[in-house]
Amino acid sequence: MAQERKRFMQSYISAGRQAIDELQPVRVWAGRGFCDSISYNRRSPMAGGGVKFSRHHGEGLQNGKFFDPTVGLVRFERPDGKPLGAIFNFCSHPATMVNDRMISPDWVGTARAHLEEALGGAPAMYVQGFCGDVNCHGIFGTSAQAKRTGARLGRAAVEALPTLTPVRGEPLLSEFRTIALDCQPMPSRAELERQLAVRHAFIEELKVDPAATWFDGVNFPEQLAPDLRAMGAQLQIDHIQEGLRMIQAGEPPRSRLPLTVGAVRIGDVGCMISPGENFTLTGMNIRLRSPFAHTLICGDTNGLFGYLGTDDEIDRGGYETYSFWKLLVHDGFRLAPAKGTADRIIQTGVELLRTVARTKA
């Protein structure tokens, strides 16, 4: 892993040096496309309370919850009109090939190929949006499904290229700020012991019913083998046992988690960037309040953090706002972010966008 990290960093530095050596004047075009056929909001509210993680496109569409069909586009070209490259931004997990059987660009690779062909071979870079609650068509699918999904998005991006408008490419600015997100309170010893018992019971249930997927308001993927579902429950058991140890030892958990968000300005284009998997409504609210006519919403940037839900979804629980946070492998013992998290990120993101927007070209 260390060797692979070193190789990646060397490639990253080499690419940066090459880019500096090849700097040249460019013209910038920006706009958006529309694609509503490859994604859906996967968090389906249940009649009796709670939420189901929907892993099927058709089922997910029935919940009527928001997902963002916007394809953000920025094209760069030489003064003579020759394309130099493009950025395309879309809100959905590239998760068709999530079965871990191969290394793949998923549907992004096909979408990128369509766009690059339209640009005469110039490179196109995909930037993922805020999609913590949004899946793609065909999760746990096949390479053929990934290609079909990518072709739909790629065609939508190509169709939008002629509609892009010229924008300024300067100044190039960035602004970052670290905020402290409040955590949910530490559960009581009795609550942790209840959670522990439920997970041990689920592991025992799998021995007699390998199709079992539900426990404590969370539905594990049926596509995972029973031993992998048991392993997932065991990871949560390890987290809960650490919580019980901390209570016994009188060790307080972290009450806040630092999150560094930022804004980048490329002339008339603004980009709001955030680690973690913010929910799609958070991104929409930032775009609606952005001072830029063209705003890219960029999630999962600058490191792994975790899911960042809205207040309503934190109340519903489920995988993203409850179960995911019971993992020691992600930065040790952490409590899930509390309500108010999305509002903090929206407020900070908009403030940063306004700060870079105020600087005159």
# chains A, B, ... in the order shown; residues from 1 in each chain; ligands from 1
>>> closest_atom_pairs(of="region 237-350 of chain A", to="region 156-171 of chain A", cutoff="6 Å", atoms="only C-alpha atoms", output="Markdown table")
| residue | atom | partner | partner_atom | distance |
| --- | --- | --- | --- | --- |
| A:Ile266 | CA | A:Gly169 | CA | 5.5 |
| A:Gly267 | CA | A:Glu170 | CA | 4.0 |
| A:Asp268 | CA | A:Arg168 | CA | 5.4 |
>>> residues_around(residues="region 331-334 of chain A", least_positions_apart="6", cutoff="7 Å", atoms="only C-alpha atoms", output="list in words")
His239, Arg254 and Trp325 of chain A
>>> write_last_selection(atoms="C-alpha atoms", output="CSV table (one decimal), in the first residue's frame")
chain,number,residue,atom,x,y,z
A,239,HIS,CA,-17.2,-0.5,17.3
A,254,ARG,CA,-14.9,13.1,20.4
A,325,TRP,CA,-20.6,5.4,11.5
>>> residues_around(residues="Ala338 (chain A)", least_positions_apart="5", cutoff="7 Å", atoms="only C-alpha atoms", output="MDAnalysis selection string")
chainID A and resid 182:184
>>> residues_around(residues="region 351-354 of chain A", least_positions_apart="3", cutoff="6 Å", atoms="only C-alpha atoms", output="VMD selection string")
chain A and resid 263 348 357
>>> write_last_selection(atoms="C-alpha atoms", output="PDB file, in the first residue's frame")
ATOM      1  CA  ALA A 263     -14.495  26.953  -2.952  1.00  0.00           C
ATOM      2  CA  THR A 348     -19.960  27.677   4.884  1.00  0.00           C
ATOM      3  CA  ALA A 357     -16.705  35.789  -6.180  1.00  0.00           C
TER       4      ALA A 357
END
>>> residues_around(residues="region 274-280 of chain A", least_positions_apart="3", cutoff="8 Å", atoms="only C-alpha atoms", output="count of residues only")
30
>>> select_by_dssp(residues="region 175-283 of chain A", states="strand (DSSP E or B)", output="number ranges by chain")
A: 175-183, 214-215, 218-219, 256-266, 269-273, 277-278
>>> select_by_dssp(residues="region 106-294 of chain A", states="alpha helix (DSSP H)", output="JSON, numbers by chain")
{"A": [106, 107, 108, 109, 110, 111, 112, 113, 114, 115, 116, 117, 118, 143, 144, 145, 146, 147, 148, 149, 150, 151, 152, 153, 154, 155, 156, 157, 158, 159, 160, 189, 190, 191, 192, 193, 194, 195, 196, 197, 198, 199, 200, 201, 202, 203, 204, 205, 206, 207, 208, 226, 227, 228, 229, 230, 231, 232, 233, 234, 235, 236, 237, 238, 239, 240, 241, 242, 243, 244, 245, 246, 247, 248, 249, 280, 281, 282, 283, 284, 285, 286, 287, 288, 289]}
>>> closest_atom_pairs(of="region 119-140 of chain A", to="region 152-155 of chain A", cutoff="12 Å", atoms="only C-alpha atoms", output="tab-separated table")
residue	atom	partner	partner_atom	distance
A:Leu119	CA	A:Gly154	CA	12.0
A:Ala124	CA	A:Gly154	CA	10.8
A:Tyr126	CA	A:Gly154	CA	10.9
A:Cys136	CA	A:Leu153	CA	10.9
A:His137	CA	A:Arg152	CA	10.7
>>> closest_residue(among="A:Ile203, A:Leu172, A:Ala249, A:Ala86", to="Leu228 (chain A)", atoms="only C-alpha atoms")
A:Ile203
>>> closest_residue(among="A:Leu192, A:Val198, A:Met246, A:Val208", to="Ala233 (chain A)", atoms="only C-alpha atoms")
A:Val198
>>> closest_atom_pairs(of="region 50-125 of chain A", to="region 6-29 of chain A", cutoff="9 Å", atoms="only C-alpha atoms", output="JSON lines")
{"residue": "A:Leu73", "atom": "CA", "partner": "A:Trp29", "partner_atom": "CA", "distance": 8.2}
{"residue": "A:Val74", "atom": "CA", "partner": "A:Trp29", "partner_atom": "CA", "distance": 5.7}
{"residue": "A:Arg75", "atom": "CA", "partner": "A:Trp29", "partner_atom": "CA", "distance": 5.1}
{"residue": "A:Phe76", "atom": "CA", "partner": "A:Val28", "partner_atom": "CA", "distance": 4.8}
{"residue": "A:Glu77", "atom": "CA", "partner": "A:Arg27", "partner_atom": "CA", "distance": 5.3}
{"residue": "A:Arg78", "atom": "CA", "partner": "A:Val26", "partner_atom": "CA", "distance": 4.8}
{"residue": "A:Pro79", "atom": "CA", "partner": "A:Val26", "partner_atom": "CA", "distance": 5.9}
{"residue": "A:Gly81", "atom": "CA", "partner": "A:Arg27", "partner_atom": "CA", "distance": 8.0}
{"residue": "A:Leu84", "atom": "CA", "partner": "A:Val26", "partner_atom": "CA", "distance": 8.3}
>>> residues_around(residues="Pro69 (chain A)", least_positions_apart="6", cutoff="8 Å", atoms="only C-alpha atoms", output="PyMOL selection string")
chain A and resi 34-36+39+90-91
>>> atom_distance(atom1="CA of Gly318 (chain A)", atom2="CA of Lys52 (chain A)")
7.0 Å
>>> atom_distance(atom1="CA of Ala151 (chain A)", atom2="CA of Asp80 (chain A)")
29.4 Å
>>> atom_distance(atom1="CA of Arg101 (chain A)", atom2="CA of Leu224 (chain A)")
12.5 Å
>>> closest_residue(among="A:Met46, A:Ile297, A:Met1, A:Ala190", to="Val350 (chain A)", atoms="only C-alpha atoms")
A:Ile297
>>> closest_residue(among="A:Lys82, A:Lys326, A:Phe176, A:Lys147", to="Ala111 (chain A)", atoms="only C-alpha atoms")
A:Lys147
>>> decode(residues="region 173-192 of chain A", atoms="C-alpha atoms", output="mmCIF file, in the first residue's frame")
data_model
loop_
_atom_site.group_PDB
_atom_site.id
_atom_site.type_symbol
_atom_site.label_atom_id
_atom_site.label_comp_id
_atom_site.auth_asym_id
_atom_site.auth_seq_id
_atom_site.Cartn_x
_atom_site.Cartn_y
_atom_site.Cartn_z
ATOM 1 C CA LEU A 173 -8.792 31.429 -6.837
ATOM 2 C CA SER A 174 -9.445 29.080 -3.949
ATOM 3 C CA GLU A 175 -10.577 29.485 -0.361
ATOM 4 C CA PHE A 176 -10.758 26.817 2.354
ATOM 5 C CA ARG A 177 -12.183 26.668 5.851
ATOM 6 C CA THR A 178 -12.229 23.964 8.518
ATOM 7 C CA ILE A 179 -15.450 23.688 10.483
ATOM 8 C CA ALA A 180 -16.206 21.532 13.525
ATOM 9 C CA LEU A 181 -19.285 19.357 13.141
ATOM 10 C CA ASP A 182 -21.147 18.399 16.312
ATOM 11 C CA CYS A 183 -21.561 14.670 16.912
ATOM 12 C CA GLN A 184 -24.611 12.858 18.151
ATOM 13 C CA PRO A 185 -24.487 12.014 21.866
ATOM 14 C CA MET A 186 -22.789 8.888 23.141
ATOM 15 C CA PRO A 187 -25.361 6.110 23.651
ATOM 16 C CA SER A 188 -25.876 4.830 27.158
ATOM 17 C CA ARG A 189 -24.373 1.550 28.322
ATOM 18 C CA ALA A 190 -27.825 -0.060 28.151
ATOM 19 C CA GLU A 191 -28.337 1.124 24.566
ATOM 20 C CA LEU A 192 -24.913 -0.140 23.478
#
